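So this block is final.cif, mmCIF, C-alpha atoms and all ligand atoms:
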```cif
data_start
#
loop_
_atom_site.label_atom_id
_atom_site.label_comp_id
_atom_site.auth_asym_id
_atom_site.auth_seq_id
_atom_site.Cartn_x
_atom_site.Cartn_y
_atom_site.Cartn_z
CA MET I 1 144.37 -70.30 -120.21
CA ASP I 2 143.17 -73.92 -120.26
CA ASP I 3 144.84 -76.62 -118.17
CA ALA I 4 146.67 -78.14 -121.16
CA SER I 5 148.40 -74.85 -122.06
CA TYR I 6 148.97 -73.92 -118.45
CA TYR I 7 150.66 -77.17 -117.47
CA GLN I 8 152.65 -77.26 -120.71
CA ALA I 9 153.97 -73.75 -119.97
CA LEU I 10 154.85 -74.65 -116.37
CA PRO I 11 158.49 -75.78 -116.03
CA LYS I 12 158.34 -79.18 -114.39
CA ALA I 13 160.35 -81.70 -112.35
CA GLU I 14 159.92 -85.45 -112.73
CA LEU I 15 161.48 -87.91 -110.30
CA HIS I 16 159.96 -91.27 -111.12
CA LEU I 17 160.73 -92.15 -114.70
CA HIS I 18 161.79 -95.51 -116.14
CA LEU I 19 164.03 -95.43 -119.20
CA ASP I 20 162.89 -98.82 -120.55
CA GLY I 21 159.25 -97.81 -120.12
CA SER I 22 159.77 -94.59 -122.07
CA VAL I 23 161.32 -95.70 -125.36
CA ARG I 24 159.59 -94.27 -128.44
CA PRO I 25 157.68 -97.03 -130.31
CA LYS I 26 159.35 -96.01 -133.59
CA THR I 27 162.76 -96.39 -131.94
CA VAL I 28 161.81 -99.85 -130.67
CA LEU I 29 161.04 -100.89 -134.26
CA GLU I 30 164.25 -99.42 -135.66
CA LEU I 31 166.45 -100.89 -132.93
CA ALA I 32 164.75 -104.29 -133.35
CA ALA I 33 165.49 -104.25 -137.08
CA LYS I 34 169.11 -103.31 -136.43
CA GLY I 35 169.61 -105.90 -133.68
CA GLY I 36 167.64 -108.74 -135.28
CA VAL I 37 165.14 -108.78 -132.42
CA PRO I 38 161.81 -110.36 -133.45
CA VAL I 39 158.82 -108.02 -133.12
CA PRO I 40 155.15 -109.06 -133.17
CA THR I 41 154.33 -106.56 -135.94
CA GLN I 42 156.06 -104.02 -138.19
CA ASP I 43 153.02 -101.77 -138.03
CA LEU I 44 153.70 -98.86 -135.69
CA GLU I 45 150.03 -98.45 -134.74
CA ARG I 46 149.62 -102.10 -133.85
CA LEU I 47 152.98 -102.23 -132.06
CA THR I 48 151.59 -99.95 -129.36
CA ASP I 49 149.36 -102.87 -128.26
CA PHE I 50 152.59 -104.52 -127.14
CA LEU I 51 154.14 -101.42 -125.57
CA GLU I 52 151.28 -99.64 -123.82
CA ALA I 53 149.29 -100.75 -120.78
CA THR I 54 145.60 -99.85 -120.56
CA ASP I 55 142.88 -99.42 -117.95
CA SER I 56 142.16 -103.12 -118.28
CA THR I 57 145.73 -104.12 -117.40
CA ALA I 58 145.21 -106.50 -114.48
CA SER I 59 148.25 -106.14 -112.23
CA LEU I 60 151.82 -104.96 -111.72
CA VAL I 61 152.98 -108.31 -113.10
CA GLU I 62 151.05 -107.68 -116.32
CA TYR I 63 152.22 -104.04 -116.45
CA ILE I 64 155.84 -105.23 -116.31
CA THR I 65 155.32 -107.39 -119.43
CA TYR I 66 155.09 -104.19 -121.52
CA PHE I 67 158.78 -103.55 -120.75
CA GLU I 68 159.93 -106.82 -122.34
CA LEU I 69 160.24 -105.62 -125.93
CA PRO I 70 162.03 -102.34 -125.13
CA ILE I 71 164.42 -104.26 -122.87
CA ALA I 72 165.10 -106.78 -125.65
CA VAL I 73 166.23 -103.98 -127.98
CA LEU I 74 168.26 -102.10 -125.35
CA GLN I 75 171.19 -104.50 -125.29
CA THR I 76 173.92 -102.47 -126.99
CA VAL I 77 175.78 -99.29 -126.13
CA PRO I 78 174.38 -97.27 -129.08
CA ALA I 79 170.81 -98.42 -128.32
CA LEU I 80 171.07 -97.37 -124.66
CA GLU I 81 172.66 -94.04 -125.59
CA ARG I 82 169.99 -93.33 -128.19
CA ALA I 83 167.02 -94.21 -125.97
CA THR I 84 168.36 -92.04 -123.15
CA TYR I 85 169.11 -89.13 -125.48
CA GLU I 86 165.65 -89.31 -127.08
CA LEU I 87 164.00 -89.43 -123.67
CA CYS I 88 165.80 -86.16 -122.85
CA GLU I 89 164.35 -84.68 -126.04
CA ASP I 90 160.86 -85.86 -125.08
CA LEU I 91 161.28 -84.34 -121.63
CA LYS I 92 162.25 -81.02 -123.20
CA LYS I 93 159.09 -81.10 -125.38
CA ASP I 94 157.06 -81.67 -122.22
CA ASN I 95 158.84 -78.69 -120.60
CA VAL I 96 160.42 -80.86 -117.93
CA ARG I 97 163.54 -79.05 -116.68
CA TYR I 98 164.61 -81.43 -113.92
CA ALA I 99 164.50 -85.19 -114.40
CA GLU I 100 165.77 -88.31 -112.72
CA ILE I 101 165.91 -91.23 -115.13
CA ARG I 102 166.03 -94.75 -113.69
CA TYR I 103 166.69 -98.19 -115.13
CA GLY I 104 167.94 -101.63 -114.03
CA PRO I 105 171.39 -102.31 -115.51
CA TRP I 106 171.06 -106.08 -114.95
CA LEU I 107 168.31 -106.13 -117.59
CA HIS I 108 170.71 -104.94 -120.27
CA VAL I 109 173.51 -107.51 -120.09
CA GLN I 110 171.78 -110.23 -122.15
CA GLN I 111 174.09 -109.79 -125.14
CA GLY I 112 177.38 -109.51 -123.36
CA LEU I 113 177.56 -105.94 -122.07
CA SER I 114 179.05 -105.57 -118.59
CA LEU I 115 177.35 -103.55 -115.86
CA THR I 116 180.01 -100.89 -116.39
CA ASP I 117 179.30 -100.75 -120.15
CA VAL I 118 175.58 -100.34 -119.45
CA ILE I 119 176.00 -97.63 -116.83
CA ARG I 120 178.48 -95.72 -119.02
CA ALA I 121 176.19 -95.94 -122.06
CA VAL I 122 173.20 -94.47 -120.21
CA LEU I 123 175.38 -91.76 -118.66
CA SER I 124 176.72 -90.88 -122.08
CA GLY I 125 173.17 -90.52 -123.48
CA TRP I 126 172.14 -88.51 -120.42
CA LYS I 127 175.11 -86.15 -120.63
CA ALA I 128 174.57 -85.47 -124.33
CA GLY I 129 170.81 -85.11 -123.81
CA ARG I 130 170.99 -82.80 -120.82
CA LYS I 131 173.36 -80.55 -122.75
CA SER I 132 171.28 -80.46 -125.93
CA PHE I 133 167.96 -80.02 -124.16
CA GLY I 134 168.87 -77.97 -121.09
CA LEU I 135 168.00 -80.52 -118.42
CA GLU I 136 169.17 -80.90 -114.84
CA GLY I 137 168.92 -84.00 -112.64
CA GLY I 138 170.63 -87.34 -112.99
CA VAL I 139 170.39 -91.09 -113.27
CA ILE I 140 169.10 -93.58 -110.70
CA VAL I 141 170.37 -97.16 -110.83
CA THR I 142 167.68 -99.71 -110.05
CA ALA I 143 168.23 -103.06 -108.36
CA LEU I 144 165.73 -105.81 -109.08
CA ARG I 145 163.69 -107.58 -106.43
CA ASP I 146 163.78 -111.00 -108.02
CA MET I 147 167.57 -111.02 -108.47
CA PRO I 148 169.75 -112.93 -106.02
CA PRO I 149 170.72 -110.42 -103.30
CA ALA I 150 174.45 -110.82 -104.06
CA GLN I 151 173.92 -109.51 -107.61
CA ASN I 152 172.33 -106.36 -106.26
CA VAL I 153 175.29 -105.93 -103.92
CA SER I 154 177.65 -105.98 -106.91
CA LEU I 155 175.37 -103.56 -108.75
CA ALA I 156 175.56 -101.13 -105.81
CA GLN I 157 179.36 -101.39 -105.86
CA VAL I 158 179.57 -100.57 -109.57
CA ALA I 159 176.96 -97.79 -109.36
CA GLY I 160 178.89 -96.24 -106.47
CA ARG I 161 181.85 -95.59 -108.80
CA TYR I 162 179.71 -93.13 -110.75
CA VAL I 163 178.63 -90.96 -107.84
CA GLY I 164 179.61 -87.43 -108.86
CA ASP I 165 179.48 -88.44 -112.51
CA GLY I 166 175.72 -88.47 -113.01
CA VAL I 167 174.52 -91.41 -110.92
CA ILE I 168 172.63 -89.90 -108.01
CA GLY I 169 170.50 -92.66 -106.54
CA PHE I 170 169.88 -96.35 -105.97
CA ASP I 171 166.42 -97.93 -106.28
CA LEU I 172 164.66 -101.28 -105.97
CA ALA I 173 161.92 -102.29 -108.42
CA GLY I 174 160.19 -105.27 -109.99
CA ASP I 175 157.44 -107.61 -108.93
CA GLU I 176 156.72 -106.91 -105.26
CA ALA I 177 154.82 -110.07 -104.35
CA GLY I 178 157.06 -112.60 -102.63
CA HIS I 179 160.10 -110.31 -102.83
CA PRO I 180 160.17 -108.12 -99.72
CA PRO I 181 162.69 -105.24 -99.88
CA ILE I 182 164.44 -106.47 -96.75
CA LEU I 183 166.05 -109.35 -98.74
CA HIS I 184 168.20 -106.69 -100.36
CA GLU I 185 169.29 -104.89 -97.20
CA ASP I 186 172.98 -105.50 -97.87
CA ALA I 187 172.88 -103.90 -101.32
CA PHE I 188 171.29 -100.80 -99.83
CA ARG I 189 173.83 -100.65 -97.02
CA VAL I 190 176.60 -100.68 -99.64
CA ALA I 191 174.80 -98.09 -101.79
CA ARG I 192 174.39 -95.73 -98.82
CA SER I 193 178.01 -96.12 -97.78
CA LEU I 194 179.09 -95.12 -101.30
CA GLY I 195 177.06 -91.92 -101.21
CA LEU I 196 174.05 -92.99 -103.28
CA ASN I 197 170.66 -91.58 -102.29
CA ILE I 198 168.04 -94.22 -101.64
CA THR I 199 164.59 -94.64 -103.12
CA ILE I 200 162.62 -97.90 -103.12
CA HIS I 201 159.46 -99.00 -104.92
CA ALA I 202 156.98 -100.11 -102.26
CA GLY I 203 153.29 -100.13 -101.45
CA GLU I 204 152.32 -100.62 -105.08
CA ALA I 205 151.49 -104.35 -105.35
CA ALA I 206 152.66 -105.23 -101.82
CA GLY I 207 151.01 -103.87 -98.69
CA PRO I 208 152.06 -101.22 -96.16
CA GLU I 209 154.64 -103.52 -94.57
CA SER I 210 156.79 -103.10 -97.69
CA VAL I 211 156.77 -99.32 -97.13
CA ARG I 212 157.83 -99.81 -93.51
CA GLN I 213 160.74 -102.02 -94.62
CA ALA I 214 161.79 -99.56 -97.33
CA ILE I 215 161.97 -96.72 -94.81
CA SER I 216 163.98 -98.90 -92.41
CA MET I 217 166.44 -99.50 -95.28
CA GLY I 218 167.14 -95.78 -95.61
CA ALA I 219 164.66 -94.79 -98.34
CA MET I 220 163.91 -91.08 -98.08
CA ARG I 221 161.67 -91.45 -101.10
CA ILE I 222 159.24 -94.24 -101.90
CA GLY I 223 158.22 -95.15 -105.44
CA HIS I 224 154.39 -94.98 -105.28
CA GLY I 225 153.63 -95.95 -101.64
CA VAL I 226 149.92 -95.99 -102.51
CA ARG I 227 149.07 -98.85 -100.17
CA ALA I 228 150.55 -97.05 -97.16
CA GLN I 229 146.99 -95.74 -96.87
CA GLU I 230 145.96 -99.11 -95.43
CA ASP I 231 147.96 -98.64 -92.21
CA ALA I 232 147.76 -95.57 -89.96
CA ASP I 233 151.07 -96.47 -88.28
CA VAL I 234 152.88 -96.52 -91.61
CA ILE I 235 151.34 -93.16 -92.52
CA ALA I 236 152.61 -91.79 -89.18
CA MET I 237 156.07 -93.23 -89.93
CA ILE I 238 156.10 -91.52 -93.34
CA LYS I 239 155.22 -88.18 -91.76
CA GLU I 240 157.64 -88.46 -88.84
CA ASN I 241 160.54 -89.33 -91.12
CA GLY I 242 159.64 -86.74 -93.76
CA VAL I 243 159.55 -89.48 -96.39
CA GLN I 244 158.43 -88.41 -99.85
CA LEU I 245 156.08 -90.47 -102.05
CA ASP I 246 156.80 -90.23 -105.79
CA MET I 247 153.46 -91.27 -107.25
CA ALA I 248 152.22 -91.88 -110.78
CA PRO I 249 148.40 -91.92 -110.72
CA THR I 250 147.78 -93.23 -114.26
CA SER I 251 150.31 -96.02 -113.80
CA ASN I 252 148.97 -96.77 -110.30
CA ALA I 253 145.51 -97.36 -111.79
CA GLN I 254 147.00 -99.58 -114.51
CA THR I 255 148.96 -101.74 -112.06
CA LYS I 256 145.83 -101.90 -109.85
CA ALA I 257 147.58 -100.36 -106.84
CA ILE I 258 144.21 -98.58 -106.82
CA ARG I 259 141.03 -99.91 -108.38
CA ARG I 260 140.05 -96.68 -110.15
CA LEU I 261 141.90 -93.42 -110.74
CA GLN I 262 139.35 -91.45 -108.71
CA ASP I 263 140.32 -93.54 -105.64
CA HIS I 264 143.94 -92.35 -105.78
CA PRO I 265 145.20 -91.10 -102.40
CA LEU I 266 147.51 -88.38 -103.84
CA ARG I 267 145.35 -85.44 -102.83
CA ARG I 268 144.38 -86.92 -99.45
CA PHE I 269 148.05 -87.51 -98.66
CA TYR I 270 148.87 -83.94 -99.71
CA GLU I 271 146.14 -82.58 -97.45
CA GLN I 272 147.55 -84.65 -94.56
CA GLY I 273 150.90 -82.92 -95.00
CA ILE I 274 152.70 -85.87 -96.62
CA LYS I 275 155.31 -84.93 -99.23
CA VAL I 276 153.95 -86.13 -102.57
CA THR I 277 155.13 -85.66 -106.14
CA ILE I 278 153.63 -86.54 -109.53
CA SER I 279 155.43 -88.49 -112.27
CA THR I 280 154.55 -90.49 -115.37
CA ASP I 281 156.45 -93.63 -114.23
CA SER I 282 156.80 -94.68 -117.88
CA ARG I 283 156.01 -92.38 -120.77
CA THR I 284 155.46 -95.16 -123.32
CA VAL I 285 154.03 -97.96 -121.17
CA SER I 286 151.56 -95.58 -119.49
CA ALA I 287 151.24 -93.52 -122.72
CA VAL I 288 151.30 -90.22 -120.87
CA THR I 289 153.33 -87.02 -120.58
CA LEU I 290 153.77 -85.11 -117.33
CA THR I 291 151.68 -82.26 -118.76
CA GLN I 292 148.86 -84.76 -119.35
CA GLU I 293 149.32 -86.33 -115.91
CA TYR I 294 148.94 -82.91 -114.25
CA GLN I 295 145.72 -82.38 -116.24
CA THR I 296 144.42 -85.81 -115.18
CA VAL I 297 145.16 -85.10 -111.53
CA THR I 298 143.31 -81.78 -111.83
CA ARG I 299 140.32 -83.29 -113.62
CA VAL I 300 139.93 -86.56 -111.74
CA LEU I 301 141.24 -85.78 -108.25
CA GLY I 302 140.26 -82.12 -108.19
CA CYS I 303 143.73 -80.79 -107.35
CA THR I 304 144.05 -77.05 -107.95
CA ARG I 305 146.83 -75.45 -109.99
CA GLU I 306 148.35 -74.17 -106.74
CA GLU I 307 148.39 -77.66 -105.23
CA ILE I 308 150.00 -79.11 -108.35
CA SER I 309 152.57 -76.33 -108.40
CA ALA I 310 153.39 -77.15 -104.78
CA MET I 311 153.87 -80.85 -105.66
CA ASN I 312 156.06 -79.79 -108.60
CA LEU I 313 158.25 -77.73 -106.25
CA GLN I 314 158.29 -80.67 -103.82
CA ALA I 315 159.81 -82.76 -106.61
CA LEU I 316 162.65 -80.25 -106.87
CA ASP I 317 163.05 -80.05 -103.10
CA GLY I 318 163.25 -83.84 -102.80
CA GLY I 319 165.49 -84.31 -105.85
CA PHE I 320 168.77 -86.18 -105.46
CA ALA I 321 170.92 -83.88 -107.64
CA ASP I 322 173.01 -81.13 -106.08
CA GLU I 323 171.30 -78.58 -103.92
CA VAL I 324 172.61 -75.44 -105.63
CA THR I 325 171.20 -76.50 -109.00
CA ARG I 326 167.84 -77.37 -107.46
CA ALA I 327 167.69 -74.06 -105.60
CA ARG I 328 168.38 -72.16 -108.82
CA LEU I 329 165.68 -74.07 -110.64
CA ARG I 330 163.27 -73.43 -107.76
CA HIS I 331 163.58 -69.69 -108.42
CA GLU I 332 162.89 -70.26 -112.12
CA PHE I 333 159.86 -72.43 -111.35
CA VAL I 334 158.38 -69.94 -108.88
CA ASP I 335 158.93 -67.02 -111.30
CA ALA I 336 157.37 -68.94 -114.18
CA ALA I 337 154.31 -69.90 -112.09
CA ALA I 338 153.88 -66.26 -111.01
CA LYS I 339 153.96 -65.10 -114.64
CA LEU I 340 151.36 -67.69 -115.60
CA ARG I 341 148.94 -66.55 -112.89
CA PRO I 342 146.29 -64.19 -114.22
CA ALA I 343 146.90 -60.58 -113.11
CA ALA I 344 144.74 -59.51 -110.16
CA PRO I 345 141.83 -57.30 -111.22
CA THR I 346 142.58 -53.60 -110.70
CA GLY I 347 140.37 -50.70 -109.60
ZN ZN D 401 158.38 -97.15 -111.04
#
```
As structure tokens - that is how I would like this structure written.
Amino acid sequence: MDDASYYQALPKAELHLHLDGSVRPKTVLELAAKGGVPVPTQDLERLTDFLEATDSTASLVEYITYFELPIAVLQTVPALERATYELCEDLKKDNVRYAEIRYGPWLHVQQGLSLTDVIRAVLSGWKAGRKSFGLEGGVIVTALRDMPPAQNVSLAQVAGRYVGDGVIGFDLAGDEAGHPPILHEDAFRVARSLGLNITIHAGEAAGPESVRQAISMGAMRIGHGVRAQEDADVIAMIKENGVQLDMAPTSNAQTKAIRRLQDHPLRRFYEQGIKVTISTDSRTVSAVTLTQEYQTVTRVLGCTREEISAMNLQALDGGFADEVTRARLRHEFVDAAAKLRPAAPTG
């Protein structure tokens, strides 16, 4: 069985997945037409130039510009519901069984929705999608680095009302340069006190110090954490605290967290005993499925199927949704991987 069929057949878990970076291009066009949002072209092929990053994308700041159009069309309840529901369908096609979908509610209030409206709309799309497509997992609410800290505190308060109703975590994302995580300490204190699990983007554009700060703010999982490799003390801190790094190699090469894909530290970290997982980050912006990302990691970084399976199980183990569900899925994943393994030669 070739890698493409093998990884497609493997049931998968994905932890680092942005809703606004994963909207189908066709849906962007349709929602733009409905909402009167200007688009640079009506041609679906050419529209991808405005929605997909490439190898020549220069930085995280440039990468983030590819989210602008999807965000502009995701300003109504039906649009948010639809994008979330369709993402669930795309996950099903990719044979992802456990997913955590994240997004920044403050980005979706430009046409008058309240934070509550936004959070409810995404939860409604998620609940319908998980039911139709047999998914487990939940939704992570993302605070934004360049927002005034007080706005992220109010976001944490609203998100906390939906603990137990699908919201499982609280995150920090956005341009890292000049916006150290520590500015948003209060929001994360509130989020923790309300029972939200903490993950923080760090060590992508900013250096290892951002990873250190994120861990001190209660993050048990770091989004990317690539640049932790520049500081042995931070690596030791990650190991001692059992912190997990949710990495997205294709995206990391596009944002220039690493210069070239073959330089990605994923496998080195794994060999050092650090908990690592693989995600797409953004299915549209990075133009990749998880099945394809597993193939890339095999081809470019030389990870074996066993190593990738272990990282896939790590994603389940480190997931924020309830433990019983994750344990049940773990059995399914292990059984499925065993069935996919070629039978040992007899005689
Ligand atoms: Zn991310």
Report as a Markdown table the residues of range 193-269 of chain I within 12 Å of range 307-328 of chain I, each with its shortest atom pair and distance in Å (one decimal), using all atoms listed in the file, ordered by chain and increasing residue number.
```
| residue | atom | partner | partner_atom | distance |
| --- | --- | --- | --- | --- |
| I:Gly195 | CA | I:Phe320 | CA | 10.9 |
| I:Leu196 | CA | I:Phe320 | CA | 8.9 |
| I:Asn197 | CA | I:Phe320 | CA | 6.5 |
| I:Ile198 | CA | I:Phe320 | CA | 8.9 |
| I:Thr199 | CA | I:Phe320 | CA | 9.7 |
| I:Ala219 | CA | I:Phe320 | CA | 11.9 |
| I:Met220 | CA | I:Gly318 | CA | 8.7 |
| I:Arg221 | CA | I:Gly318 | CA | 8.0 |
| I:Ile222 | CA | I:Gly318 | CA | 11.2 |
| I:Gly242 | CA | I:Gly318 | CA | 10.2 |
| I:Val243 | CA | I:Gly318 | CA | 9.3 |
| I:Gln244 | CA | I:Gly318 | CA | 7.3 |
| I:Leu245 | CA | I:Ala315 | CA | 9.7 |
| I:Asp246 | CA | I:Ala315 | CA | 8.1 |
| I:Met247 | CA | I:Met311 | CA | 10.5 |
| I:Leu266 | CA | I:Met311 | CA | 10.0 |
| I:Arg267 | CA | I:Glu307 | CA | 8.7 |
| I:Arg268 | CA | I:Glu307 | CA | 11.6 |
| I:Phe269 | CA | I:Met311 | CA | 11.3 |
```
Kindly compile the residues surrounding ligand ZN 401 (chain D) within 10 Å, counting all atoms listed in the file, and format them as JSON, numbers by chain. {"I": [15, 16, 17, 18, 21, 64, 102, 103, 142, 171, 172, 173, 174, 200, 201, 202, 204, 222, 223, 224, 246, 247, 248, 251, 252, 279, 280, 281, 282]}
Name all residues at most 10 Å from Asp233 in chain I (count all atoms listed in the file; drop same-chain ones fewer than 6 positions away) and give them as a ChimeraX atom specification. /I:208,212,239
Contact residues around Ala83 in chain I with all atoms listed in the file at 12 Å, ignoring same-chain residues under 5 positions, as an MDAnalysis selection string: chainID I and resid 18:28 30:31 70:71 73:78 88:90 101 103 121:126 128:129 284
Kindly give the distance, in Å, that separates CA of Asp55 in chain I and CA of Val276 in chain I, rounded to a single decimal.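 Taking CA of Asp55 in chain I and CA of Val276 in chain I, their separation equals 23.1 Å.
Atom to atom, CA of Phe50 in chain I and CA of Ala72 in chain I stand 12.8 Å apart.
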Under the rule that all atoms listed in the file are counted, which of I:Tyr98, I:Tyr162, I:Tyr270, I:Phe133 is the nearest residue to Arg330 in chain I?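 With all atoms listed in the file as the atom set, the closest residue is I:Tyr98.
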Using only C-alpha atoms, can you tell me which of I:Glu230, I:Glu86, I:Glu81, I:Asp43 comes closest to Leu29 in chain I?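 Closest to Leu29 in chain I, using only C-alpha atoms: I:Asp43.
For the set I:Thr84, I:Thr277, I:Gln254, I:Gln151, the residue with the smallest atom-to-atom gap to Phe188 in chain I is I:Gln151, counting only C-alpha atoms.
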List the neighbours of Pro105 in chain I out to 10 Å using all atoms listed in the file; skip same-chain residues closer than 6 positions along the sequence, and give me the result as a list of chain:residue names. I:Leu113, I:Ser114, I:Leu115, I:Thr116, I:Asp117, I:Val118, I:Ile119, I:Val122, I:Val141, I:Thr142, I:Ala143, I:Leu144, I:Leu155, I:Ala159
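If you look at CA of Val300 in chain I and CA of Gly137 in chain I, they are 29.1 Å away from each other.
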All residues 10 Å or closer to Leu290 in chain I, only C-alpha atoms, same chain fewer than 6 positions away omitted, as a ChimeraX atom specification: /I:7-8,12-14,91,94-96,248,278-281,283,296
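Nearest residue to Val285 in chain I, choosing from I:Glu52, I:Glu45, I:Glu100, I:Glu136 and counting all atoms listed in the file: I:Glu52.
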From the list I:Ala257, I:Leu87, I:Met1, I:Ile235, which residue is nearest Leu340 in chain I when using all atoms listed in the file? I:Met1
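Counting all atoms listed in the file, the residue from I:Thr41, I:Tyr85, I:Glu68, I:Pro342 that sits nearest to Leu135 in chain I is I:Tyr85.
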How would range 274-295 of chain I look with N, CA and C atoms restored, written as a short mmCIF file (atom, residue, chain, number, x, y, z; two decimals), in the frame of the given file?
```cif
data_model
loop_
_atom_site.label_atom_id
_atom_site.label_comp_id
_atom_site.auth_asym_id
_atom_site.auth_seq_id
_atom_site.Cartn_x
_atom_site.Cartn_y
_atom_site.Cartn_z
N ILE I 274 151.66 -84.95 -96.13
CA ILE I 274 152.70 -85.87 -96.62
C ILE I 274 153.32 -85.27 -97.89
N LYS I 275 154.64 -85.43 -98.02
CA LYS I 275 155.31 -84.93 -99.23
C LYS I 275 154.96 -85.85 -100.39
N VAL I 276 154.29 -85.33 -101.40
CA VAL I 276 153.95 -86.13 -102.57
C VAL I 276 154.41 -85.43 -103.84
N THR I 277 154.78 -86.22 -104.84
CA THR I 277 155.13 -85.66 -106.14
C THR I 277 154.41 -86.48 -107.22
N ILE I 278 154.32 -85.88 -108.41
CA ILE I 278 153.63 -86.54 -109.53
C ILE I 278 154.64 -86.85 -110.64
N SER I 279 154.57 -88.10 -111.15
CA SER I 279 155.43 -88.49 -112.27
C SER I 279 154.61 -89.33 -113.25
N THR I 280 155.23 -89.62 -114.39
CA THR I 280 154.55 -90.49 -115.37
C THR I 280 154.84 -91.97 -115.10
N ASP I 281 155.94 -92.27 -114.41
CA ASP I 281 156.45 -93.63 -114.23
C ASP I 281 157.11 -94.10 -115.53
N SER I 282 156.31 -94.16 -116.61
CA SER I 282 156.80 -94.68 -117.88
C SER I 282 156.03 -94.01 -119.00
N ARG I 283 156.71 -93.20 -119.78
CA ARG I 283 156.01 -92.38 -120.77
C ARG I 283 155.39 -93.21 -121.90
N THR I 284 156.03 -94.32 -122.25
CA THR I 284 155.46 -95.16 -123.32
C THR I 284 154.48 -96.19 -122.73
N VAL I 285 154.90 -96.90 -121.71
CA VAL I 285 154.03 -97.96 -121.17
C VAL I 285 152.72 -97.35 -120.64
N SER I 286 152.80 -96.20 -119.98
CA SER I 286 151.56 -95.58 -119.49
C SER I 286 150.99 -94.58 -120.51
N ALA I 287 151.68 -94.40 -121.62
CA ALA I 287 151.24 -93.52 -122.72
C ALA I 287 150.78 -92.16 -122.19
N VAL I 288 151.68 -91.49 -121.49
CA VAL I 288 151.30 -90.22 -120.87
C VAL I 288 152.51 -89.30 -120.77
N THR I 289 152.27 -88.00 -120.86
CA THR I 289 153.33 -87.02 -120.58
C THR I 289 153.05 -86.44 -119.19
N LEU I 290 154.01 -85.70 -118.66
CA LEU I 290 153.77 -85.11 -117.33
C LEU I 290 152.71 -84.01 -117.43
N THR I 291 152.72 -83.27 -118.54
CA THR I 291 151.68 -82.26 -118.76
C THR I 291 150.30 -82.91 -118.70
N GLN I 292 150.16 -84.05 -119.37
CA GLN I 292 148.86 -84.76 -119.35
C GLN I 292 148.54 -85.29 -117.96
N GLU I 293 149.56 -85.77 -117.26
CA GLU I 293 149.32 -86.33 -115.91
C GLU I 293 148.84 -85.23 -114.96
N TYR I 294 149.40 -84.04 -115.08
CA TYR I 294 148.94 -82.91 -114.25
C TYR I 294 147.47 -82.58 -114.57
N GLN I 295 147.12 -82.64 -115.86
CA GLN I 295 145.72 -82.38 -116.24
C GLN I 295 144.79 -83.44 -115.64
#
```
